[in-house]
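Okay, protein-v4.cif is below, mmCIF, C-alpha atoms and all ligand atoms:
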```cif
data_work
#
loop_
_atom_site.group_PDB
_atom_site.id
_atom_site.type_symbol
_atom_site.label_atom_id
_atom_site.label_comp_id
_atom_site.auth_asym_id
_atom_site.auth_seq_id
_atom_site.Cartn_x
_atom_site.Cartn_y
_atom_site.Cartn_z
ATOM 1 C CA MET A 242 -21.043 10.832 1.719
ATOM 2 C CA SER A 243 -20.904 8.645 4.862
ATOM 3 C CA ASN A 244 -17.851 6.603 5.849
ATOM 4 C CA THR A 245 -18.482 3.016 4.770
ATOM 5 C CA TYR A 246 -15.754 0.617 5.813
ATOM 6 C CA THR A 247 -15.641 -1.879 2.939
ATOM 7 C CA PHE A 248 -13.091 -4.384 4.300
ATOM 8 C CA GLY A 249 -15.269 -5.983 7.018
ATOM 9 C CA ASP A 250 -14.662 -7.219 10.563
ATOM 10 C CA ASN A 251 -15.381 -10.950 10.511
ATOM 11 C CA ASP A 252 -12.804 -13.685 11.231
ATOM 12 C CA ARG A 253 -11.506 -13.555 7.641
ATOM 13 C CA ALA A 254 -11.029 -9.784 7.834
ATOM 14 C CA SER A 255 -9.210 -10.267 11.125
ATOM 15 C CA GLU A 256 -6.913 -12.921 9.636
ATOM 16 C CA ARG A 257 -6.204 -10.518 6.748
ATOM 17 C CA LEU A 258 -5.180 -7.819 9.239
ATOM 18 C CA ARG A 259 -2.918 -10.311 11.025
ATOM 19 C CA GLN A 260 -1.124 -11.091 7.755
ATOM 20 C CA LEU A 261 -1.060 -7.408 6.791
ATOM 21 C CA ALA A 262 0.568 -6.559 10.137
ATOM 22 C CA GLU A 263 3.390 -9.000 9.356
ATOM 23 C CA VAL A 264 3.969 -7.611 5.856
ATOM 24 C CA TYR A 265 4.167 -3.964 6.953
ATOM 25 C CA ALA A 266 5.760 -4.367 10.414
ATOM 26 C CA PRO A 267 9.356 -3.662 9.242
ATOM 27 C CA SER A 268 8.526 -0.405 7.399
ATOM 28 C CA SER A 269 6.122 0.800 10.103
ATOM 29 C CA ARG A 270 8.659 0.034 12.840
ATOM 30 C CA ALA A 271 11.317 2.066 10.993
ATOM 31 C CA PHE A 272 8.876 4.958 10.525
ATOM 32 C CA LEU A 273 7.806 4.881 14.193
ATOM 33 C CA GLU A 274 11.473 4.990 15.228
ATOM 34 C CA GLU A 275 11.861 8.190 13.173
ATOM 35 C CA VAL A 276 8.718 9.635 14.720
ATOM 36 C CA ARG A 277 10.016 8.844 18.228
ATOM 37 C CA ALA A 278 13.230 10.751 17.394
ATOM 38 C CA LEU A 279 11.227 13.717 16.036
ATOM 39 C CA LEU A 280 9.115 13.776 19.179
ATOM 40 C CA GLY A 281 12.234 13.830 21.317
ATOM 41 C CA ARG A 282 10.480 12.526 24.392
ATOM 42 C CA VAL A 283 8.628 9.469 25.616
ATOM 43 C CA PRO A 284 4.886 10.003 25.199
ATOM 44 C CA ALA A 285 2.725 9.803 28.302
ATOM 45 C CA LEU A 286 -0.076 8.721 25.961
ATOM 46 C CA ALA A 287 0.010 7.374 22.401
ATOM 47 C CA CYS A 288 -3.123 6.764 20.411
ATOM 48 C CA ASP A 289 -3.651 4.367 17.455
ATOM 49 C CA LEU A 290 -6.693 5.264 15.339
ATOM 50 C CA GLY A 291 -8.593 2.516 13.488
ATOM 51 C CA CYS A 292 -6.527 -0.064 15.343
ATOM 52 C CA GLY A 293 -8.422 -3.190 14.178
ATOM 53 C CA PRO A 294 -7.436 -6.171 16.368
ATOM 54 C CA GLY A 295 -4.562 -4.167 17.865
ATOM 55 C CA HIS A 296 -1.436 -5.220 15.925
ATOM 56 C CA THR A 297 -0.473 -1.608 15.226
ATOM 57 C CA THR A 298 -1.373 -0.565 18.793
ATOM 58 C CA ARG A 299 1.134 -2.993 20.256
ATOM 59 C CA LEU A 300 3.788 -1.886 17.738
ATOM 60 C CA VAL A 301 3.203 1.804 18.544
ATOM 61 C CA HIS A 302 3.418 1.038 22.267
ATOM 62 C CA GLU A 303 6.646 -0.928 21.938
ATOM 63 C CA VAL A 304 8.480 1.476 19.616
ATOM 64 C CA SER A 305 7.321 4.765 21.167
ATOM 65 C CA GLY A 306 7.894 3.529 24.730
ATOM 66 C CA ALA A 307 4.672 5.364 25.692
ATOM 67 C CA ALA A 308 3.552 5.045 29.298
ATOM 68 C CA GLU A 309 0.110 4.178 27.935
ATOM 69 C CA THR A 310 -1.190 3.419 24.453
ATOM 70 C CA ILE A 311 -4.848 3.361 23.539
ATOM 71 C CA GLY A 312 -6.271 1.855 20.353
ATOM 72 C CA LEU A 313 -9.512 3.429 19.123
ATOM 73 C CA GLU A 314 -11.639 1.366 16.768
ATOM 74 C CA ALA A 315 -15.197 1.530 15.411
ATOM 75 C CA SER A 316 -15.695 -2.250 15.294
ATOM 76 C CA GLU A 317 -16.573 -4.032 18.546
ATOM 77 C CA ARG A 318 -15.874 -7.348 16.785
ATOM 78 C CA HIS A 319 -12.300 -6.354 15.986
ATOM 79 C CA LEU A 320 -11.761 -5.127 19.540
ATOM 80 C CA ALA A 321 -13.200 -8.339 21.013
ATOM 81 C CA ARG A 322 -10.181 -10.108 19.433
ATOM 82 C CA ALA A 323 -7.646 -7.471 20.484
ATOM 83 C CA ALA A 324 -5.065 -8.542 23.054
ATOM 84 C CA GLY A 325 -3.488 -5.659 24.920
ATOM 85 C CA GLY A 326 -0.848 -6.213 27.570
ATOM 86 C CA ALA A 327 0.666 -3.900 30.140
ATOM 87 C CA GLY A 328 0.042 -0.259 29.244
ATOM 88 C CA VAL A 329 -2.162 -1.045 26.221
ATOM 89 C CA ARG A 330 -5.917 -0.591 26.213
ATOM 90 C CA PHE A 331 -8.667 -0.234 23.663
ATOM 91 C CA ALA A 332 -11.943 1.650 23.305
ATOM 92 C CA VAL A 333 -14.764 1.553 20.776
ATOM 93 C CA HIS A 334 -14.959 4.934 19.083
ATOM 94 C CA ASP A 335 -15.727 6.404 15.657
ATOM 95 C CA VAL A 336 -12.541 8.419 15.203
ATOM 96 C CA THR A 337 -14.141 10.801 12.710
ATOM 97 C CA ARG A 338 -15.745 12.247 15.855
ATOM 98 C CA THR A 339 -13.872 14.287 18.406
ATOM 99 C CA PRO A 340 -13.135 14.600 21.249
ATOM 100 C CA PHE A 341 -11.613 11.145 21.615
ATOM 101 C CA PRO A 342 -12.432 9.240 24.844
ATOM 102 C CA CYS A 343 -8.949 9.887 26.263
ATOM 103 C CA PRO A 344 -6.744 12.835 27.269
ATOM 104 C CA PRO A 345 -4.720 14.686 24.581
ATOM 105 C CA ALA A 346 -1.969 12.394 23.228
ATOM 106 C CA GLU A 347 1.687 13.203 22.494
ATOM 107 C CA LEU A 348 1.574 10.745 19.592
ATOM 108 C CA ILE A 349 -1.357 9.797 17.348
ATOM 109 C CA TYR A 350 -0.659 7.087 14.783
ATOM 110 C CA VAL A 351 -2.870 6.149 11.830
ATOM 111 C CA ARG A 352 -2.203 3.415 9.256
ATOM 112 C CA PHE A 353 -4.528 2.376 6.412
ATOM 113 C CA LEU A 354 -7.549 4.167 7.896
ATOM 114 C CA PHE A 355 -7.520 7.581 6.223
ATOM 115 C CA THR A 356 -8.023 5.848 2.847
ATOM 116 C CA HIS A 357 -11.455 4.721 4.062
ATOM 117 C CA LEU A 358 -12.665 8.135 5.197
ATOM 118 C CA THR A 359 -14.449 11.053 3.582
ATOM 119 C CA GLU A 360 -14.313 14.728 4.773
ATOM 120 C CA ARG A 361 -10.558 14.330 4.813
ATOM 121 C CA PRO A 362 -9.301 17.898 5.551
ATOM 122 C CA ARG A 363 -11.788 18.305 8.406
ATOM 123 C CA VAL A 364 -10.733 14.966 9.904
ATOM 124 C CA LEU A 365 -7.011 15.849 9.704
ATOM 125 C CA ARG A 366 -7.627 19.167 11.441
ATOM 126 C CA ASP A 367 -9.735 17.492 14.165
ATOM 127 C CA TRP A 368 -7.069 14.841 14.783
ATOM 128 C CA THR A 369 -4.299 17.408 15.275
ATOM 129 C CA ALA A 370 -6.608 19.181 17.747
ATOM 130 C CA GLN A 371 -6.489 15.981 19.865
ATOM 131 C CA LEU A 372 -2.714 16.265 20.278
ATOM 132 C CA ALA A 373 -1.069 17.388 23.506
ATOM 133 C CA PRO A 374 1.138 20.524 23.075
ATOM 134 C CA GLY A 375 4.140 19.592 20.911
ATOM 135 C CA GLY A 376 2.491 16.300 19.943
ATOM 136 C CA LEU A 377 2.715 14.628 16.531
ATOM 137 C CA LEU A 378 0.218 12.939 14.213
ATOM 138 C CA ALA A 379 1.908 10.189 12.134
ATOM 139 C CA LEU A 380 0.151 8.731 9.103
ATOM 140 C CA GLU A 381 1.031 5.873 6.763
ATOM 141 C CA GLU A 382 -1.115 5.532 3.659
ATOM 142 C CA LEU A 383 -0.756 4.075 0.186
ATOM 143 C CA ASP A 384 0.661 6.407 -2.439
ATOM 144 C CA THR A 385 1.182 3.986 -5.351
ATOM 145 C CA MET A 386 1.164 0.215 -5.814
ATOM 146 C CA ILE A 387 2.004 -1.552 -9.035
ATOM 147 C CA GLY A 388 1.517 -5.305 -9.312
ATOM 148 C CA SER A 389 3.916 -7.193 -11.573
ATOM 149 C CA VAL A 390 1.175 -9.493 -12.947
ATOM 150 C CA PRO A 391 -2.312 -8.853 -14.402
ATOM 151 C CA ALA A 392 -4.278 -10.485 -11.533
ATOM 152 C CA LEU A 393 -2.770 -8.054 -9.006
ATOM 153 C CA GLN A 394 -3.353 -5.113 -11.363
ATOM 154 C CA ARG A 395 -7.004 -6.111 -11.916
ATOM 155 C CA TYR A 396 -7.539 -6.445 -8.176
ATOM 156 C CA TYR A 397 -6.144 -2.948 -7.550
ATOM 157 C CA ALA A 398 -8.301 -1.434 -10.315
ATOM 158 C CA ILE A 399 -11.476 -2.897 -8.780
ATOM 159 C CA VAL A 400 -10.631 -1.766 -5.244
ATOM 160 C CA GLU A 401 -9.810 1.714 -6.535
ATOM 161 C CA ALA A 402 -13.188 1.949 -8.315
ATOM 162 C CA MET A 403 -15.073 0.614 -5.277
ATOM 163 C CA GLN A 404 -13.382 3.071 -2.910
ATOM 164 C CA ARG A 405 -14.077 5.949 -5.312
ATOM 165 C CA ALA A 406 -17.774 4.958 -5.447
ATOM 166 C CA HIS A 407 -17.836 5.404 -1.657
ATOM 167 C CA GLY A 408 -16.166 8.834 -1.844
ATOM 168 C CA GLN A 409 -12.879 7.303 -0.638
ATOM 169 C CA ASP A 410 -9.402 7.344 -2.135
ATOM 170 C CA LEU A 411 -7.309 4.178 -2.448
ATOM 171 C CA HIS A 412 -4.224 6.304 -3.187
ATOM 172 C CA VAL A 413 -4.909 8.858 -0.468
ATOM 173 C CA GLY A 414 -1.178 8.985 0.328
ATOM 174 C CA ARG A 415 -0.676 10.964 -2.899
ATOM 175 C CA ALA A 416 -3.212 13.540 -1.799
ATOM 176 C CA LEU A 417 -1.869 13.945 1.744
ATOM 177 C CA PRO A 418 0.359 17.017 1.109
ATOM 178 C CA ALA A 419 -2.534 18.911 -0.506
ATOM 179 C CA LEU A 420 -4.963 17.764 2.193
ATOM 180 C CA ALA A 421 -2.569 18.900 4.932
ATOM 181 C CA ARG A 422 -2.345 22.325 3.269
ATOM 182 C CA GLU A 423 -6.125 22.528 2.991
ATOM 183 C CA ALA A 424 -6.489 21.478 6.637
ATOM 184 C CA GLY A 425 -4.058 24.220 7.694
ATOM 185 C CA VAL A 426 -1.870 21.849 9.720
ATOM 186 C CA GLU A 427 1.921 21.886 9.959
ATOM 187 C CA VAL A 428 3.886 19.308 7.936
ATOM 188 C CA VAL A 429 6.808 18.104 10.065
ATOM 189 C CA ARG A 430 7.922 15.309 7.724
ATOM 190 C CA ASP A 431 6.748 14.065 4.335
ATOM 191 C CA GLN A 432 8.394 11.049 2.695
ATOM 192 C CA VAL A 433 7.624 8.041 0.544
ATOM 193 C CA ALA A 434 9.039 4.643 1.574
ATOM 194 C CA ARG A 435 9.423 2.382 -1.452
ATOM 195 C CA MET A 436 9.232 -1.388 -0.945
ATOM 196 C CA LYS A 437 9.240 -4.468 -3.120
ATOM 197 C CA LEU A 438 6.599 -6.646 -1.435
ATOM 198 C CA PRO A 439 6.358 -10.397 -2.128
ATOM 199 C CA GLY A 440 3.486 -11.123 -4.512
ATOM 200 C CA HIS A 441 2.371 -14.296 -2.725
ATOM 201 C CA ARG A 442 1.930 -12.444 0.585
ATOM 202 C CA MET A 443 -0.006 -9.654 -1.118
ATOM 203 C CA ALA A 444 -2.153 -12.127 -3.094
ATOM 204 C CA SER A 445 -3.042 -13.860 0.171
ATOM 205 C CA LEU A 446 -4.242 -10.556 1.679
ATOM 206 C CA HIS A 447 -6.210 -9.815 -1.476
ATOM 207 C CA TYR A 448 -8.104 -13.075 -1.934
ATOM 208 C CA LEU A 449 -9.196 -12.891 1.705
ATOM 209 C CA ASN A 450 -10.410 -9.353 1.031
ATOM 210 C CA ILE A 451 -12.313 -10.193 -2.185
ATOM 211 C CA GLN A 452 -14.396 -12.652 -0.193
ATOM 212 C CA THR A 453 -15.426 -9.718 2.019
ATOM 213 C CA TRP A 454 -16.054 -6.923 -0.480
ATOM 214 C CA ARG A 455 -17.514 -8.909 -3.400
ATOM 215 C CA SER A 456 -20.992 -8.412 -1.871
ATOM 216 C CA ASP A 457 -20.551 -4.604 -1.892
ATOM 217 C CA ALA A 458 -23.431 -3.029 -3.904
ATOM 218 C CA PHE A 459 -21.097 -1.153 -6.297
ATOM 219 C CA VAL A 460 -19.010 -4.280 -6.939
ATOM 220 C CA SER A 461 -22.029 -6.544 -7.545
ATOM 221 C CA ALA A 462 -23.452 -3.982 -9.986
ATOM 222 C CA HIS A 463 -20.230 -3.577 -12.004
ATOM 223 C CA TYR A 464 -18.413 -6.933 -11.927
ATOM 224 C CA SER A 465 -19.852 -10.374 -12.675
ATOM 225 C CA SER A 466 -19.642 -13.232 -10.190
ATOM 226 C CA ALA A 467 -17.683 -15.244 -12.769
ATOM 227 C CA GLU A 468 -15.102 -12.444 -13.132
ATOM 228 C CA LEU A 469 -14.667 -12.187 -9.355
ATOM 229 C CA ASP A 470 -14.466 -15.997 -9.004
ATOM 230 C CA THR A 471 -11.706 -16.068 -11.616
ATOM 231 C CA LEU A 472 -9.771 -13.266 -9.941
ATOM 232 C CA GLU A 473 -10.098 -14.901 -6.534
ATOM 233 C CA ALA A 474 -8.862 -18.224 -7.944
ATOM 234 C CA GLU A 475 -5.897 -16.524 -9.648
ATOM 235 C CA LEU A 476 -4.949 -14.741 -6.420
ATOM 236 C CA ARG A 477 -5.211 -18.001 -4.430
ATOM 237 C CA GLU A 478 -2.898 -19.609 -6.965
ATOM 238 C CA LEU A 479 -0.371 -16.756 -6.654
ATOM 239 C CA ALA A 480 -0.602 -16.988 -2.849
ATOM 240 C CA ALA A 481 0.166 -20.706 -2.923
ATOM 241 C CA HIS A 482 3.240 -20.447 -5.175
ATOM 242 C CA PRO A 483 5.885 -17.910 -4.113
ATOM 243 C CA ASP A 484 7.671 -16.610 -7.199
ATOM 244 C CA PRO A 485 10.262 -13.800 -7.168
ATOM 245 C CA ALA A 486 8.851 -12.519 -10.481
ATOM 246 C CA VAL A 487 5.544 -11.809 -8.722
ATOM 247 C CA PHE A 488 5.811 -8.701 -6.553
ATOM 248 C CA VAL A 489 4.265 -5.355 -5.772
ATOM 249 C CA ASP A 490 6.194 -2.131 -6.182
ATOM 250 C CA TYR A 491 4.732 -0.365 -3.157
ATOM 251 C CA HIS A 492 5.112 3.325 -2.279
ATOM 252 C CA MET A 493 3.991 4.174 1.245
ATOM 253 C CA ARG A 494 3.454 7.834 2.063
ATOM 254 C CA GLN A 495 4.643 8.571 5.570
ATOM 255 C CA MET A 496 3.667 11.934 6.946
ATOM 256 C CA VAL A 497 4.124 13.576 10.308
ATOM 257 C CA LEU A 498 1.827 16.498 11.098
ATOM 258 C CA ALA A 499 1.356 18.892 13.990
ATOM 259 C CA ALA A 500 -1.227 21.453 14.976
ATOM 260 C CA ARG A 501 -0.300 24.908 13.675
ATOM 261 C CA ALA A 502 1.067 26.994 16.531
HETATM 262 C C1 LIG A 601 -7.452 -1.473 7.064
HETATM 263 S S1 LIG A 601 -7.776 -1.563 8.780
HETATM 264 C C2 LIG A 601 -6.212 -1.055 9.440
HETATM 265 C C3 LIG A 601 -5.971 -1.550 10.833
HETATM 266 C C4 LIG A 601 -4.633 -1.106 11.426
HETATM 267 N N1 LIG A 601 -4.540 0.333 11.486
HETATM 268 C C5 LIG A 601 -3.483 -1.658 10.609
HETATM 269 O O1 LIG A 601 -2.832 -0.915 9.876
HETATM 270 O O2 LIG A 601 -3.245 -2.870 10.697
HETATM 271 C C6 LIG A 601 -8.784 -0.149 9.104
HETATM 272 C C7 LIG A 601 -9.436 -0.214 10.470
HETATM 273 O O3 LIG A 601 -10.106 1.030 10.734
HETATM 274 C C8 LIG A 601 -11.356 0.753 11.317
HETATM 275 N N2 LIG A 601 -12.232 1.906 11.050
HETATM 276 C C9 LIG A 601 -12.814 2.250 9.885
HETATM 277 N N3 LIG A 601 -13.506 3.405 10.027
HETATM 278 C C10 LIG A 601 -13.348 3.792 11.329
HETATM 279 C C11 LIG A 601 -13.819 4.890 12.097
HETATM 280 N N4 LIG A 601 -14.585 5.837 11.553
HETATM 281 N N5 LIG A 601 -13.460 4.969 13.404
HETATM 282 C C12 LIG A 601 -12.672 4.006 13.970
HETATM 283 N N6 LIG A 601 -12.209 2.944 13.292
HETATM 284 C C13 LIG A 601 -12.534 2.828 11.985
HETATM 285 C C14 LIG A 601 -11.808 -0.542 10.667
HETATM 286 O O4 LIG A 601 -12.807 -1.197 11.430
HETATM 287 C C15 LIG A 601 -10.491 -1.306 10.600
HETATM 288 O O5 LIG A 601 -10.269 -2.027 11.771
#
```
Could you write out this file's structure as structure tokens?
Ligand SMILES: C[S@@+](CC[C@H](N)C(=O)[O-])C[C@H]1O[C@@H](n2cnc3c(N)ncnc32)[C@H](O)[C@@H]1O
Amino acid sequence: MSNTYTFGDNDRASERLRQLAEVYAPSSRAFLEEVRALLGRVPALACDLGCGPGHTTRLVHEVSGAAETIGLEASERHLARAAGGAGVRFAVHDVTRTPFPCPPAELIYVRFLFTHLTERPRVLRDWTAQLAPGGLLALEELDTMIGSVPALQRYYAIVEAMQRAHGQDLHVGRALPALAREAGVEVVRDQVARMKLPGHRMASLHYLNIQTWRSDAFVSAHYSSAELDTLEAELRELAAHPDPAVFVDYHMRQMVLAARA
């Protein structure tokens, strides 16, 4: 099955990624600090795969202290909005294909991309082959998320079904240990960071996303317009009214891999 990215690259998708970057910045920063310590040296080159408009690329650059950081992204539209800065650059590239258009990197970082891909063991193996000797591949992907209210739970069930229909895995974080074994790569660290994320911030990300993926062929065939309208309206309502009782119990799988010596 081909890799179909279901979450779009228009202005709304870009705004969603901006908000998403804010929500996950604290946990990703903490993880990247651990990865920097594991690496034990400042990378000459760090690489951020599926970088979108570059929020993660700038974070990787800042925390790793890399001399240069390159964000690789399939969407020209996302990259047209990406702002770099000293030492940060971007290139259009389908990262399921190697070699990457850059030298081997000491650090390769991937957040919320692997969930959208098929051929997962092959891709993991190919990514570790793009590392410089002693380099590390750091991934952050969803393991489990449980919404405290029905609208969030319904949203997650639909996204899970849509991703499955495309041969993808919403909860790919759960499968990462088995995939790493199948890929024959070395597991340097495997942990799950558990967070209680504010429901109104998550609902805001989700109603923006529904507007993008509701035209997906699988979704149109399985869910009525009225049902999606209702869900979108409920999520908008949750987004507009912060309430401590509305939250997401979020488990982020954080894995650090290396090429087998
Ligand atoms: C959910 S976004 C995550 C963006 C960023 N990593 C973050 O965490 O904020 C996934 C990104 O991967 C990109 N993408 C999807 N498939 C790709 C591929 N095969 N090669 C490169 N980029 C891809 C999408 O265009 C999108 O920008």
Since I can't run it myself right now, could you work out what the PyMOL selection byres (((chain A and resi 310-318) around 7) and not hetatm) selects here and report it as a PyMOL selection string?
chain A and resi 250+286-293+295+298+302+307-309+319-322+328-335
Spell out the residues picked by the PyMOL selection byres (((chain A and resi 371-379) around 6) and not hetatm) here, as an MDAnalysis selection string.
chainID A and resid 345:350 368:370 380 496:499
Write out the residues from the selection above, keeping C-alpha atoms, as a PDB file, in the coordinates of the input.
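File written: part.pdb
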```pdb
ATOM      1  CA  PRO A 345      -4.720  14.686  24.581  1.00  0.00           C
ATOM      2  CA  ALA A 346      -1.969  12.394  23.228  1.00  0.00           C
ATOM      3  CA  GLU A 347       1.687  13.203  22.494  1.00  0.00           C
ATOM      4  CA  LEU A 348       1.574  10.745  19.592  1.00  0.00           C
ATOM      5  CA  ILE A 349      -1.357   9.797  17.348  1.00  0.00           C
ATOM      6  CA  TYR A 350      -0.659   7.087  14.783  1.00  0.00           C
ATOM      7  CA  TRP A 368      -7.069  14.841  14.783  1.00  0.00           C
ATOM      8  CA  THR A 369      -4.299  17.408  15.275  1.00  0.00           C
ATOM      9  CA  ALA A 370      -6.608  19.181  17.747  1.00  0.00           C
ATOM     10  CA  LEU A 380       0.151   8.731   9.103  1.00  0.00           C
ATOM     11  CA  MET A 496       3.667  11.934   6.946  1.00  0.00           C
ATOM     12  CA  VAL A 497       4.124  13.576  10.308  1.00  0.00           C
ATOM     13  CA  LEU A 498       1.827  16.498  11.098  1.00  0.00           C
ATOM     14  CA  ALA A 499       1.356  18.892  13.990  1.00  0.00           C
TER      15      ALA A 499
END
```
Within 12 Å of (-3.5, -7.3, -10.2) in the file's own coordinates, which protein, DNA or RNA residues have an atom, counting all atoms listed in the file? List them as a ChimeraX atom specification.
/A:386-401,440-441,443-444,447-448,472-473,475-476,479,487-490
Export of the given selection (C-alpha atoms) as a JSON list (two decimals), in the coordinates of the input:
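After the write, result_37.json holds the following:
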```
[["chain", "number", "residue", "atom", "x", "y", "z"],
["A", 386, "MET", "CA", 1.16, 0.22, -5.81],
["A", 387, "ILE", "CA", 2.00, -1.55, -9.04],
["A", 388, "GLY", "CA", 1.52, -5.30, -9.31],
["A", 389, "SER", "CA", 3.92, -7.19, -11.57],
["A", 390, "VAL", "CA", 1.18, -9.49, -12.95],
["A", 391, "PRO", "CA", -2.31, -8.85, -14.40],
["A", 392, "ALA", "CA", -4.28, -10.48, -11.53],
["A", 393, "LEU", "CA", -2.77, -8.05, -9.01],
["A", 394, "GLN", "CA", -3.35, -5.11, -11.36],
["A", 395, "ARG", "CA", -7.00, -6.11, -11.92],
["A", 396, "TYR", "CA", -7.54, -6.44, -8.18],
["A", 397, "TYR", "CA", -6.14, -2.95, -7.55],
["A", 398, "ALA", "CA", -8.30, -1.43, -10.32],
["A", 399, "ILE", "CA", -11.48, -2.90, -8.78],
["A", 400, "VAL", "CA", -10.63, -1.77, -5.24],
["A", 401, "GLU", "CA", -9.81, 1.71, -6.54],
["A", 440, "GLY", "CA", 3.49, -11.12, -4.51],
["A", 441, "HIS", "CA", 2.37, -14.30, -2.72],
["A", 443, "MET", "CA", -0.01, -9.65, -1.12],
["A", 444, "ALA", "CA", -2.15, -12.13, -3.09],
["A", 447, "HIS", "CA", -6.21, -9.82, -1.48],
["A", 448, "TYR", "CA", -8.10, -13.08, -1.93],
["A", 472, "LEU", "CA", -9.77, -13.27, -9.94],
["A", 473, "GLU", "CA", -10.10, -14.90, -6.53],
["A", 475, "GLU", "CA", -5.90, -16.52, -9.65],
["A", 476, "LEU", "CA", -4.95, -14.74, -6.42],
["A", 479, "LEU", "CA", -0.37, -16.76, -6.65],
["A", 487, "VAL", "CA", 5.54, -11.81, -8.72],
["A", 488, "PHE", "CA", 5.81, -8.70, -6.55],
["A", 489, "VAL", "CA", 4.26, -5.36, -5.77],
["A", 490, "ASP", "CA", 6.19, -2.13, -6.18]]
```
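Going from CA of Gly326 (chain A) to CA of Leu279 (chain A) covers 26.0 Å.
Between CA of Arg405 (chain A) and CA of Arg338 (chain A) lies a distance of 22.1 Å.
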Looking at all atoms listed in the file, which of A:Asp484, A:Glu274, A:Glu360, A:Asp384 is the one that sits closest to ligand LIG 601 (chain A)?
A:Glu360
Resolved residues for the PyMOL selection byres (((chain A and resi 254-269) around 7) and not hetatm) as a VMD selection string:
chain A and resid 248 to 253 270 to 273 294 296 319 446 449 to 450
Would you list the contacts of Arg501 (chain A) as a list in words, taking every protein, DNA or RNA residue within 9 Å and counting only C-alpha atoms, but skipping same-chain residues closer than 3 positions in sequence?
Thr369, Gly425, Val426 and Glu427 of chain A
Now that the selection is made, can you save its residues with C-alpha atoms as a PDB file, keeping the file's coordinate frame?
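Done, and the output landed in out09.pdb:
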```
ATOM      1  CA  THR A 369      -4.299  17.408  15.275  1.00  0.00           C
ATOM      2  CA  GLY A 425      -4.058  24.220   7.694  1.00  0.00           C
ATOM      3  CA  VAL A 426      -1.870  21.849   9.720  1.00  0.00           C
ATOM      4  CA  GLU A 427       1.921  21.886   9.959  1.00  0.00           C
TER       5      GLU A 427
END
```
Which neighbours of Gln495 (chain A) fall inside 7 Å, counting only C-alpha atoms, when residues of the same chain fewer than 5 positions from it are skipped, and could you give them as a VMD selection string?
chain A and resid 380 to 382 431 to 433
Proximity to ligand LIG 601 (chain A) - best of A:Leu354, A:Leu280, A:Cys343, A:Ala323, all atoms listed in the file:
A:Leu354
